[in-house]
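All remarks here apply to the structure that follows.
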Amino acid sequence: MRRVLLILLAVSLAFTAGCTTRSNEAALPVVPVDPVPVVEILDPADEPAEAGPNAVPEPPAQTSVIEIGEPVSLIESLPYFSATIFYPVTGVSAAVDETIAKWASDVMQEKTEEIEALYAQDASLEGELSFNFSTYKIDDTYASVEENGMFSHSAMAHPVDIIKTFNINLQTGAIIPVDALVPEQGHARIFGLLKQQLLAKYPELEGALDDMDTSWLAQPLLQPEGIIFCLERGQLPTVLGTQRIFLSYEELGDAVALAQTPLAQSAQDTPEPTDTPETIYTSGQVLQDGPMVALTFDDGPSGTTERILALLRQYNARATFCLVGNRINNRKDTVLQIYAQGSEVSNHTWEHAKLTNLSHDEIRKQIKSTSDAVKAITGQPTTFLRPPYGSVNDTVKSVAKELGMAIVTWSIDTEDWKTRNSDKTYQRIMDQVKDGSIILCHDLFSETGDAMERVIPALIEQGYQLVTVTELLTYGGNTVQAGAVYKRGQK
Ligand code: ZN
């Protein structure tokens, strides 16, 4: 967890367009020849030695579990406030998804207003809000959603953790109200169980747990064998952080009102068959001396990633996908497919962290755990770092250098997350595109998928070769420096 004050100013990424005056008409066809060696940007030899040979590997960072639904996000990117709320579209019912989306937009609005008010009084203030989530399918009747958030600003001593849970009845398509799940007559029993567990773990709390109220039960999370009661930092009378306390259905008994207890009936989970990805490996194609651009997609993987991959296959084009690490294992097939069809997998940190607020070690963990998760699937580490919000400082650069990675931002910001409008995304790209452009999009939004239906053929029609970022940066024998920041091709 991040515990560092916001003390560093984000690097402001001034918009800068493409880098050459090359005319688009000079496009020559792409000619397939023998594969050229793939340029290795990441050199493992650059990594500092890990602790001794017997060192126990660090436990992996918290992975987002996605058992139902697809991620989407709400983003705010102001000079003084960087915020991303990832939340699920569960597909259970419109009512469920509207409730979750409304929660996300309410939180975003509330925190944006809070920061704006502070910023009005102190122009050096900077804030950050970040939510990642997990979804659980308990059985045929129940599912649950857990949102884990962090809110901080530069005038705060500690970041605030925020937890929000939703429990869903899949058969009625409704969110189960907390009062219905944990009715009042069961409260005393649950308080007793929570107290027992907390005292076993923190004996120093003896005597300090006598004033539990319903706020302690406000964020229950259904699980197959019981319920996790999520307690936010500050709920406990000491400075303990967020607590997740698991109580089994057996212990809870009739203190919990579920029409049918999930219990072990969910043990029948069958693993989904893994489809072999379609392999159209095209990275070996030598690019002729014509214009080229790199489409980049941040914040995936998601269902929209699959849709864009299908379009890229259709047009024999490539792109770069800057993945959020904690969701990678939910979509291993998608990650493998990106790689298999010659597109590129890049690193957008483990939990979409604003890296300029983190320490050297925290930054390293965010990047390395993501690269390791990708490597476990594709056999290859991630090629470069795409920092969330484009935020870079000297510490980020030095970690990237240690890990042998370049840092790649963009020259065209489609702002697809803001407009959520396929016409605007299409127009912004077509108005600004130049040879060497690196184009920032987000593969979380169906509108971005819609835009790509037109953008990809239109760019090809104008003579652009759609290549990966690595291909763009290394074209013509250019070298890429670890730790350096690139906004566009180097031709
Ligand atoms: Zn992002």
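By order of appearance in the structure tokens: chains A, B, ..., then residues from 1 within every chain, and ligands from 1 in the order shown.
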Query raised in the report: Could you list, as a PyMOL selection string, all the residues within 9 Å of ligand 1, counting only C-alpha atoms and all ligand atoms?
Result: chain A and resi 75+84+297-300+322-324+348-349+352-353+386-390+442
Query raised in the report: Can you list, as a list in words, every protein, DNA or RNA residue that comes within 6 Å of Ile439 (chain A) when you count only C-alpha atoms, leaving out same-chain residues fewer than 4 positions away?
Result: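 Listing them by chain and then by number gives Leu295, Thr296, Trp410 and Ile412 of chain A.
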Query raised in the report: Using only C-alpha atoms, which residues sit within 10 Å of Lys195 (chain A) once same-chain residues fewer than 2 positions away are excluded, as a PyMOL selection string?
Result: chain A and resi 189-193+197-202+205-206+208-210+212
Query - Among listed residues A:Leu170, A:Val107, A:Ala255, A:Ile176, nearest Tyr87 (chain A) (using only C-alpha atoms) - result: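 For Tyr87 (chain A), the nearest of the given residues is A:Val107.
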Requested in this report: Check the smallest atom-to-atom distance from each of A:Asn169, A:Ser422, A:Thr448, A:Gln481 to Glu402 (chain A) using only C-alpha atoms, then report the winner.
Outcome: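 Between A:Asn169, A:Ser422, A:Thr448, A:Gln481, the residue approaching Glu402 (chain A) most closely is A:Gln481.
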Requested in this report: Report the residues of region 122-158 of chain A whose backbone DSSP state falls under strand (DSSP E), written as a list in words.
Outcome: Gly127, Glu128, Leu129, Ser130, Phe131, Asn132, Phe133, Ser134, Thr135, Tyr136, Lys137, Tyr142, Ala143, Ser144, Val145, Glu146, Glu147, Asn148, Gly149, Met150, Phe151, Ser152 and His153 of chain A
For the residues in the current selection, export C-alpha atoms as a PDB file, in the first residue's frame.
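This went into selection_27.pdb:
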ATOM      1  CA  GLY A 127      -4.520  14.887  -5.089  1.00  0.00           C
ATOM      2  CA  GLU A 128      -4.880  11.294  -6.201  1.00  0.00           C
ATOM      3  CA  LEU A 129      -7.769   8.850  -6.175  1.00  0.00           C
ATOM      4  CA  SER A 130      -7.481   5.291  -7.326  1.00  0.00           C
ATOM      5  CA  PHE A 131      -9.879   2.335  -7.176  1.00  0.00           C
ATOM      6  CA  ASN A 132      -9.270  -1.235  -8.304  1.00  0.00           C
ATOM      7  CA  PHE A 133     -11.858  -3.966  -7.929  1.00  0.00           C
ATOM      8  CA  SER A 134     -12.533  -7.689  -7.784  1.00  0.00           C
ATOM      9  CA  THR A 135     -15.719  -9.584  -8.648  1.00  0.00           C
ATOM     10  CA  TYR A 136     -16.671 -12.982  -7.275  1.00  0.00           C
ATOM     11  CA  LYS A 137     -19.224 -15.438  -8.594  1.00  0.00           C
ATOM     12  CA  TYR A 142     -24.898 -14.924  -5.611  1.00  0.00           C
ATOM     13  CA  ALA A 143     -22.038 -12.724  -6.732  1.00  0.00           C
ATOM     14  CA  SER A 144     -20.148  -9.901  -5.087  1.00  0.00           C
ATOM     15  CA  VAL A 145     -18.028  -6.877  -5.973  1.00  0.00           C
ATOM     16  CA  GLU A 146     -15.263  -5.361  -3.870  1.00  0.00           C
ATOM     17  CA  GLU A 147     -13.909  -1.895  -4.641  1.00  0.00           C
ATOM     18  CA  ASN A 148     -10.631  -0.968  -2.976  1.00  0.00           C
ATOM     19  CA  GLY A 149      -9.689   2.658  -3.114  1.00  0.00           C
ATOM     20  CA  MET A 150      -7.011   5.064  -2.007  1.00  0.00           C
ATOM     21  CA  PHE A 151      -7.518   8.797  -1.712  1.00  0.00           C
ATOM     22  CA  SER A 152      -4.769  11.205  -0.809  1.00  0.00           C
ATOM     23  CA  HIS A 153      -3.629  14.749  -1.251  1.00  0.00           C
TER      24      HIS A 153
END
Query raised in the report: Got a sec: who's within 10 Å of Pro177 (chain A), counting only C-alpha atoms, leaving out chain neighbours fewer than 2 positions off, as number ranges by chain?
Result: A: 166-168, 174-175, 179-183, 218
Save the residues we just selected, all heavy atoms, as a short mmCIF file (atom, residue, chain, number, x, y, z; two decimals), in the first residue's frame?
data_model
loop_
_atom_site.label_atom_id
_atom_site.label_comp_id
_atom_site.auth_asym_id
_atom_site.auth_seq_id
_atom_site.Cartn_x
_atom_site.Cartn_y
_atom_site.Cartn_z
N PHE A 166 -20.50 -4.60 -2.99
CA PHE A 166 -21.85 -4.82 -3.51
C PHE A 166 -22.08 -6.32 -3.52
O PHE A 166 -21.22 -7.07 -4.01
CB PHE A 166 -21.98 -4.30 -4.95
CG PHE A 166 -21.72 -2.83 -5.10
CD1 PHE A 166 -20.45 -2.37 -5.44
CD2 PHE A 166 -22.74 -1.90 -4.92
CE1 PHE A 166 -20.20 -1.02 -5.59
CE2 PHE A 166 -22.48 -0.54 -5.07
CZ PHE A 166 -21.21 -0.10 -5.41
N ASN A 167 -23.22 -6.74 -3.00
CA ASN A 167 -23.57 -8.16 -3.04
C ASN A 167 -24.80 -8.31 -3.92
O ASN A 167 -25.75 -7.53 -3.81
CB ASN A 167 -23.81 -8.68 -1.62
CG ASN A 167 -22.54 -8.58 -0.80
OD1 ASN A 167 -21.60 -9.32 -1.03
ND2 ASN A 167 -22.47 -7.60 0.10
N ILE A 168 -24.75 -9.28 -4.80
CA ILE A 168 -25.74 -9.34 -5.88
C ILE A 168 -26.48 -10.67 -5.85
O ILE A 168 -25.86 -11.73 -5.70
CB ILE A 168 -25.02 -9.20 -7.24
CG1 ILE A 168 -24.25 -7.87 -7.30
CG2 ILE A 168 -26.02 -9.29 -8.39
CD1 ILE A 168 -23.27 -7.78 -8.46
N ALA A 174 -30.71 -8.13 -8.61
CA ALA A 174 -30.74 -6.96 -7.72
C ALA A 174 -29.56 -7.01 -6.75
O ALA A 174 -29.04 -8.08 -6.44
CB ALA A 174 -32.04 -6.95 -6.92
N ILE A 175 -29.19 -5.81 -6.30
CA ILE A 175 -28.18 -5.73 -5.24
C ILE A 175 -28.88 -6.01 -3.91
O ILE A 175 -29.97 -5.50 -3.64
CB ILE A 175 -27.50 -4.36 -5.27
CG1 ILE A 175 -26.57 -4.33 -6.50
CG2 ILE A 175 -26.72 -4.10 -3.98
CD1 ILE A 175 -25.84 -3.07 -6.73
N ASP A 179 -28.84 -4.29 5.02
CA ASP A 179 -29.79 -4.62 6.10
C ASP A 179 -30.45 -5.97 5.89
O ASP A 179 -30.81 -6.65 6.84
CB ASP A 179 -30.93 -3.59 6.15
CG ASP A 179 -30.41 -2.21 6.40
OD1 ASP A 179 -29.20 -2.10 6.63
OD2 ASP A 179 -31.20 -1.25 6.34
N ALA A 180 -30.66 -6.32 4.62
CA ALA A 180 -31.31 -7.60 4.34
C ALA A 180 -30.32 -8.75 4.51
O ALA A 180 -30.69 -9.84 4.94
CB ALA A 180 -31.87 -7.59 2.91
N LEU A 181 -29.06 -8.47 4.19
CA LEU A 181 -28.04 -9.53 4.29
C LEU A 181 -27.65 -9.76 5.75
O LEU A 181 -27.46 -10.90 6.19
CB LEU A 181 -26.81 -9.09 3.48
CG LEU A 181 -25.66 -10.08 3.35
CD1 LEU A 181 -26.13 -11.33 2.64
CD2 LEU A 181 -24.51 -9.44 2.59
N VAL A 182 -27.53 -8.66 6.48
CA VAL A 182 -27.09 -8.74 7.88
C VAL A 182 -28.16 -8.06 8.74
O VAL A 182 -27.99 -6.92 9.17
CB VAL A 182 -25.73 -8.01 8.05
CG1 VAL A 182 -25.15 -8.28 9.42
CG2 VAL A 182 -24.74 -8.42 6.97
N PRO A 183 -29.28 -8.74 8.99
CA PRO A 183 -30.38 -8.09 9.71
C PRO A 183 -30.01 -7.81 11.17
O PRO A 183 -29.12 -8.45 11.72
CB PRO A 183 -31.52 -9.11 9.63
CG PRO A 183 -30.88 -10.41 9.31
CD PRO A 183 -29.57 -10.12 8.63
N ALA A 218 -21.01 -2.45 7.55
CA ALA A 218 -21.54 -1.77 6.37
C ALA A 218 -20.98 -2.31 5.05
O ALA A 218 -21.56 -2.10 4.00
CB ALA A 218 -21.24 -0.27 6.46
#
Requested in this report: Select, from A:Gly241, A:Gly483, A:Asp431, A:Gly449, the residue with the minimum atom-to-atom distance to His158 (chain A), counting only C-alpha atoms.
Outcome: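 Among the listed residues, A:Gly241 lies closest to His158 (chain A).
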